[in-house]
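Peer 1: Just dropping this structure here.
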Amino acid sequence: MGDLPPRRSVKRWLVTTNHKDVGILYLATAIAFLLIGGLLALLFRLHLLEPGGTGLLTGDEYNQYVTSHGLLMVFWFLSPFAFGFANYFVPLQIGAKDLAFPRLNAMSYWFYLLSGVLAVSAFFLGGSFAGGWTLYAPLNVPTYTPAMEATTGSNATVFGLLMFVISVTMGTVNFMTTIHRHRAEGMGLWNMPLFTWSILLTVWMMLFAFAALLAALLLLGADRVFLTQYFATDQGSGLLWAHLFWFFGHPEVYIVFFPALGIMFEAFQTFCGRRLVGRKWVIIAMVLVAVQSFLVWMHHMFLTTINLEIKTLTMATTIGISLPFDLMVFALIYTMVKGRVRFTTPFLYSLGALVLFILGGITGVFLGAIVLDYEFRGTYWVVAHFHYVMVSGVTALIGGLYYWWPKMTGRMYSEFLGKLSFAVYFIGFNLVYFPMFLAWETPRRVFHYSGDMTLWHQLSTVGAFVLGLSVLMVIATLAHSLRYGAIAPDNPWEYSRTAEWAISSPPPLDNWDGRASYASGSLEFVPDTPATDGGAVADGGTATAEAAHAGQEERHPDHASIWPFVIGVGTFVFFLGLSGLTPIVVELIQPYYPADGPVITVAGEISYLYPAITVLGIAILGVSLFKMGVEDFYVPEPRVAERWPFGGDLDDTKMGVWVFLASDVVVFGAAIGAYVFLRLHEGWASFDPIPFAAWPGLLNTYILLTSSFTVIMALVMAERGNKRGLLGFLGATMALGLAFMGVKAFEYGVKFSQGEFWFTGLEYTLYFVTTGLHALHVIIGLLIAAFMIYRIVSIDAYLEDERPVEFFGLYWHFVDIVWVFLFPIFYLM
Amino acid sequence: MQTRVDVFEDIFMIFLVLGTLVGVIVVAYTLYNAYKYRDTGEPAADDEDVPTLGELPTGGQGGRKLFLSFALSAVVVISLVAYAYVLLLYVETGPEGENPGEDAIEVDVEGWAFDWDFHYEDGVETTGTMYVPAGETVWINVTSDDVWHSFGISDQRVKADAIPGEYDQTWFIAEEPGEYEDAIECFELCGSGHSGMTSDLVVLEPEEYEEWFEEERAALEEAEDEEEAEEEDDEDEGGEY
């Protein structure tokens with residue numbers, strides 16, 4: 001709450017929740033991570049100047065740099081850079097005043113920044129993770145990492161990634177809700193600009209793909225801190241990780257590339273002065289890719305022991321997914337025909353991206369043929385191919401930076417400097433990556449290559465420096481523009497079409513007066529009529545009394561809150577503490593550790609600083625989450641908007657809750673899938689139920705089902721405005737939740753007293769972690785319920801607006817339903 | 001009988017020629033269009049339908065050409081992969097038309113950080129050097145003792161993932177006898193020594209290979225006999241007390 005300080009003040013950037021500010025923060029931070037990732041690449045390319053290495057790096061440093069380069073570029077640069085544009089321009093393009101949940105948006109950003117800080121700080125905590133950006137098992141567990149003397153650091157890498165995934169999940173919920181529910185009157189889904197389309201499909205893919213990665217990282221985190229055994233065994237661990245990782249990893253390719261494609265579509269249309277050829281088919285093609293992206297992951301595993309039938313199927317889906325891209329490429333090419341092509345800097349970058357993508361695509365077809373993939377697997381062919389594809393995406397994104405720069409800063413840039421940067425960039429790009437095709441027999445991630453490849457590797461290293469120089473030139477060009485650039489008009493580009501060009505450069509805080517409307521067939525800004533439906537809710541599920549007054553007096557939306565930042569800091573501190581716990585856990589469990597378990601040789605020294613840091617993180621989180629929960633933060637929901645197919649009696653928060661639950665389904669699906677996979681691998685009948693008896697599970701099933709009933713009664717009481725009834729039933733729900741946890745604790749206690757723990761064997765790991773993940777959900781539900789009871793007692797909350805009770809109920813039902821699946825799996829089978 | 005090298009060279013050449021051709025044509029056509037339709041500064045004619053600011057997006061004309069190009073590219077890609085699939089079936093079943101035949105040479109390969117062990121028949125083992133007979137099909141069964149490795153011999157165009165608990169089977173035929181230093185490499189990041197995790201490949205004439213194998217086996221038996229004798233001695237000594 002409160003006013004937003006001016007842009008010159010540091011405080012502004014800590015408290016802002018405005019989508020344009022957050023967009024700029026994303027862009028600036030992503031460029032910082034690009035520079036770090038690039039610096040690492042330059043260092044290991046220097047090491048690669050001679051076969052066997054120049055001696056600049058040790059083997060372990062080399063592995064760390066290669067790994068962090070991949071992680072930083074894929075996670076902390078590519079996607080966030082695209083989401084900087086998405087933050088800034090998607091609301092403008094669809095005619096929204098902001099994202100649906102502005103504080104959640106700021107929180108996504110702070111989680112993003114601080115997760116990156118955690119990942120980079122790994123270098124100073126004994127060394128970062130060194131097992132490759134794909135984190136293959138079992139090299140990714142403590143059993144093997146001590147050899148690298150990097151336990152705390154590589155834990156920090158893993159938890160940094162986990163925190164990043166949480167950031168992505170929050171962003172996904174936000175964009176999904178915004179694009180589906182905040183479109184201006186008259187803008188149906190079909191009418192959305194292509195950049196917005198690309199972001200919509202990206203977040204749909206993110207919703208499911210990142211949830212799978214979240215599950216994988218939760219299991220890996222448990223392995224690393226608590227010494228569970230998901231990825232430590234020779235009983236399917238390696239394949240399990242590969243499946244989980246690539247189920248995320250292949251959609252991730254399109255997740256990072258789609259926004260770039262969206263920018264290419266926008267830039268081609270503007271600078272060719274023509275509308276996109278086959279627009280409808282392009283959209284259909286993109287939808288097909290988004291759906292099919294979840295069916296191709298096993299083409300990363302052709303050389304593992306999967307059978308021929310599955311390989312054949314995956315080959316077919318892989319070839320199938322390449323065809324829609326052919327259509328998109330040709331659509332771009334034909335859009336130039338009969339156009340008036342202007343070779344501005346953004347167009348040059350977009351055209352360059354198209355050419356590079358064509359080369360990347362063709363070399364990808366090679367990999368789709370399984371026989372060739374057998375030979376290319378793990379070689380520089382793969383490295384060259386995916387850099388051509390991914391960095392082609394970067395090329396388009398830099399084009400986007402030039403394209404939207406005048407809008408974001410109000411300044412024009414120098415076309416001469418811009419074109420010069422492109423020339424150097426394009427030469428540098430091809431000089432780094434093309435020789436890699438020629439040196440393709442070199443195994444990935446080695447510096448011992450055969451002598452006849454030396455020339456290619458040296459060219460590549462030179463190219464890396466040229467490419468690095470061009471990135472600095474881009475930054476210099478833009479810095480020059482900030483200082484000396486001419487004032488940008490509202491619309492510097494002839495033939496641009498989308499709404500961001502219809503308002504001033506840069507746009508005002510609230511984007512425009514009134515609301516945007518396409519009801520007449522083209523963009524108009526019309527007065528915002530009083531609410532006839534909808535109304536307003538505060539974001540975050542804690543609607544307050546203003547909702548009722550919204551219609552009476554106009555209140556300005558809030559744009560500032562410090563709590564997203566503080567919550568980010570709390571989470572960062574928490575994960576930093578967790579990173580250093582492994583040596584202590586090892587010490588504690590040593591007496592009970594099975595003799596035939598995976599060998600633990602943790603080299604890390606015990607430091608009691610880390611548990612203290614962990615507790616501090618939890619404390620910061622507790623206070624800041626509470627403060628944000630009670631904060632009075634006003635976000636109006638548009639009174640008139642296109643919402644198909646998510647209109648009806650949904651509101652923003654409810655849709656957000658549903659989207660979040662959908663991703664949580666995937667998290668549990670992956671955890672249960674891991675159980676099924678490992679048990680099948682071991683032989684289904686070889687597992688016995690771990691709990692000492694089935695009755696505690698049955699009892700807990702009854703307890704949870706009863707609590708589902710009480711939470712419904714709580715909603716009924718809230719609807720009736722019956723405070724005592726509401727308190728009573730919410731209290732009963734809490735009591736049942738606590739009873740569930742009590743039974744659970746008893747059950748665990750019996751096992752522990754028999755000397756059986758989560759590290760006793762693989763089936764124990766599966767039981768304790770999966771039911772533990774569920775218990776964690778119950779605990780979070782209990783905390784929310786406690787908060788709600790506090791609000792009812794202190795300010796009579798939810799009696800006028802009962803929706804938050806409903807949202808809590810949705811979550812609670814979901815947690816109950818998960819238990820209904822876990823009970824038979826772990827107690828009866 | 002096609003070796004893995006033959007298979008690879010056939011298919012790679014065809015992909016390379018067609019890929020280059022398609023790449024050159026498409027990129028040239030792209031650049032040609034960009035140049036041909038460059039803006040000449042002429043204002044738009046009155047009847048020309050140019051995009052305007054704030055319009056609801058619609059598509060441009062030219063859909064038929066789009067589909068024609070798309071269909072053409074689809075035919076090229078699908079026929080290439082179909083052809084490759086036929087060769088895949090050959091690679092999967094092996095040159096004899098069946099997974100390891102009766103008297104095929106089988107070697108179990110085990111990766112460990114950071115070298116390779118080779119287990120031949122009758123308990124013969126080597127570390128760091130693999131011995132194979134020239135011109136014969138060698139079936140390998142690859143696994144790992146610790147983390148995920150990937151066994152590959154680039155010259156022979158053979159590769160198999162080495163995953164703990166999994167056994168990945170494939171084959172190759174080495175034609176030229178000789179000693180190939182560091183020909184065997186690890187293709188999956190496996191730890192600090194990954195970069196230098198290489199082994200040598202020694203290809204012997206079939207008779208020489210037989211000789212080598214018999215020598216190794218004899219040495220092994222001798223060593224076993226000695227060991228047994230020692231154990232017996234130990235027992236005798238133990239009996240005195």
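Just remember, in the structure tokens the first chain shown is A, the second B, etc., residues are 1-based per chain, and ligands are 1-based in the order shown.
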Run DSSP on the backbone and give me the residues of region 2-241 of chain B it puts in alpha helix (DSSP H), as a ChimeraX atom specification.

Peer 2: /B:4-36,63-93,206-240

Peer 1: What is the distance, in Å and to one decimal place, between CA of Tyr167 (chain B) and CA of Thr3 (chain B)?

Peer 2: 22.1 Å

Peer 1: Compare B:Glu208, B:Glu224, B:Glu55, B:Asp145 by their minimum atom-to-atom distance to Asp117 (chain B), counting only C-alpha atoms, and give me the closest one.

Peer 2: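 Once distances to Asp117 (chain B) are computed over only C-alpha atoms, the minimum belongs to B:Asp145.
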
Peer 1: Would you mind listing what lies within 12 Å of Pro508 (chain A) as a list in words, with only C-alpha atoms counted and same-chain residues fewer than 4 positions away left out?

Peer 2: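 The neighbour list is Asn18, His19, Lys20, Asp21, Leu92, Lys97, Asp98, Lys407, Met408, Thr409, Gly410, Asp490, Glu500, Ile503, Ser504, Trp512 and Asp513 of chain A.
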
Peer 1: Pull the strand (DSSP E) assignments for region 13-178 of chain B out of DSSP run on the backbone, and list those residues as JSON, numbers by chain.

Peer 2: {"B": [105, 106, 107, 108, 109, 110, 111, 112, 115, 116, 117, 118, 119, 125, 126, 127, 129, 130, 131, 132, 133, 137, 138, 139, 140, 141, 142, 143, 144, 149, 150, 151, 152, 153, 158, 159, 160, 161, 162, 168, 169, 170, 171, 172, 173, 178]}

Peer 1: Can I get the selected residues back with C-alpha atoms, as a compact mmCIF listing (two decimals), in the first residue's frame?

Peer 2:
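result.txt was written with the following content:
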```
# COMPACT_ATOMS: atom_id res chain seq x y z
CA ILE B 105 32.00 -62.50 -29.48
CA GLU B 106 30.51 -60.83 -26.44
CA VAL B 107 32.25 -58.34 -24.18
CA ASP B 108 30.70 -56.91 -21.05
CA VAL B 109 31.81 -53.33 -20.58
CA GLU B 110 31.67 -51.65 -17.21
CA GLY B 111 32.37 -47.95 -16.73
CA TRP B 112 33.65 -46.53 -13.46
CA ASP B 115 38.06 -45.81 -16.70
CA TRP B 116 36.55 -48.82 -18.42
CA ASP B 117 36.67 -52.53 -17.50
CA PHE B 118 36.19 -55.20 -20.17
CA HIS B 119 34.94 -58.67 -19.26
CA GLU B 125 39.32 -59.19 -17.90
CA THR B 126 41.19 -56.09 -18.96
CA THR B 127 41.11 -52.50 -17.76
CA THR B 129 42.34 -51.45 -23.11
CA MET B 130 39.76 -53.31 -25.15
CA TYR B 131 40.85 -56.21 -27.38
CA VAL B 132 38.70 -57.22 -30.35
CA PRO B 133 39.22 -59.39 -33.43
CA THR B 137 30.90 -58.78 -35.03
CA VAL B 138 31.60 -57.84 -31.44
CA TRP B 139 28.56 -57.53 -29.18
CA ILE B 140 28.97 -55.33 -26.17
CA ASN B 141 26.85 -55.18 -23.06
CA VAL B 142 27.43 -51.89 -21.32
CA THR B 143 26.76 -50.94 -17.72
CA SER B 144 28.23 -48.81 -14.98
CA HIS B 149 28.68 -42.85 -18.26
CA SER B 150 28.36 -43.27 -21.99
CA PHE B 151 30.67 -45.67 -23.83
CA GLY B 152 31.61 -44.59 -27.33
CA ILE B 153 34.17 -45.31 -30.03
CA VAL B 158 29.34 -47.28 -31.84
CA LYS B 159 27.97 -45.90 -28.58
CA ALA B 160 25.97 -47.13 -25.61
CA ASP B 161 24.90 -45.46 -22.38
CA ALA B 162 26.44 -46.98 -19.26
CA ASP B 168 22.71 -51.56 -22.92
CA GLN B 169 23.51 -53.93 -25.75
CA THR B 170 24.90 -53.07 -29.16
CA TRP B 171 27.55 -54.23 -31.65
CA PHE B 172 30.30 -53.14 -33.98
CA ILE B 173 32.76 -54.58 -36.47
CA GLY B 178 45.84 -51.76 -35.14
```

Peer 1: So, counting only C-alpha atoms, which residue among A:Asp326, A:Glu185, A:Glu554, A:Asp816 is closest to Val26 (chain B)?

Peer 2: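 Smallest separation from Val26 (chain B) among the options: A:Asp326.
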
Peer 1: B:Cys190, B:Leu72, B:Ile25, B:Met1: which is nearest chain A, counting only C-alpha atoms?

Peer 2: B:Cys190

Peer 1: Can you work out which one of A:Tyr62, A:Tyr592, A:Trp563, A:Phe247 has the shortest atom-to-atom distance to chain B, counting only C-alpha atoms?

Peer 2: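 Among A:Tyr62, A:Tyr592, A:Trp563, A:Phe247, it is A:Tyr62 that comes nearest to chain B.
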
Peer 1: List the neighbours of Leu72 (chain A) out to 8 Å using only C-alpha atoms; skip same-chain residues closer than 3 positions along the sequence, and give me the result as a short mmCIF file (atom, residue, chain, number, x, y, z; two decimals) with C-alpha atoms, in the first residue's frame.

Peer 2:
```cif
data_model
loop_
_atom_site.label_atom_id
_atom_site.label_comp_id
_atom_site.auth_asym_id
_atom_site.auth_seq_id
_atom_site.Cartn_x
_atom_site.Cartn_y
_atom_site.Cartn_z
CA PHE A 33 22.89 -13.20 -15.66
CA LEU A 34 23.69 -13.24 -19.39
CA ILE A 36 27.83 -13.96 -15.83
CA GLY A 37 26.90 -16.98 -17.96
CA SER A 68 26.62 -23.18 -14.39
CA HIS A 69 26.86 -21.71 -17.88
CA PHE A 75 16.96 -20.74 -16.56
CA TRP A 76 18.17 -17.34 -15.39
CA PHE A 77 18.67 -15.61 -18.72
CA GLY A 116 19.96 -16.62 -9.17
#
```
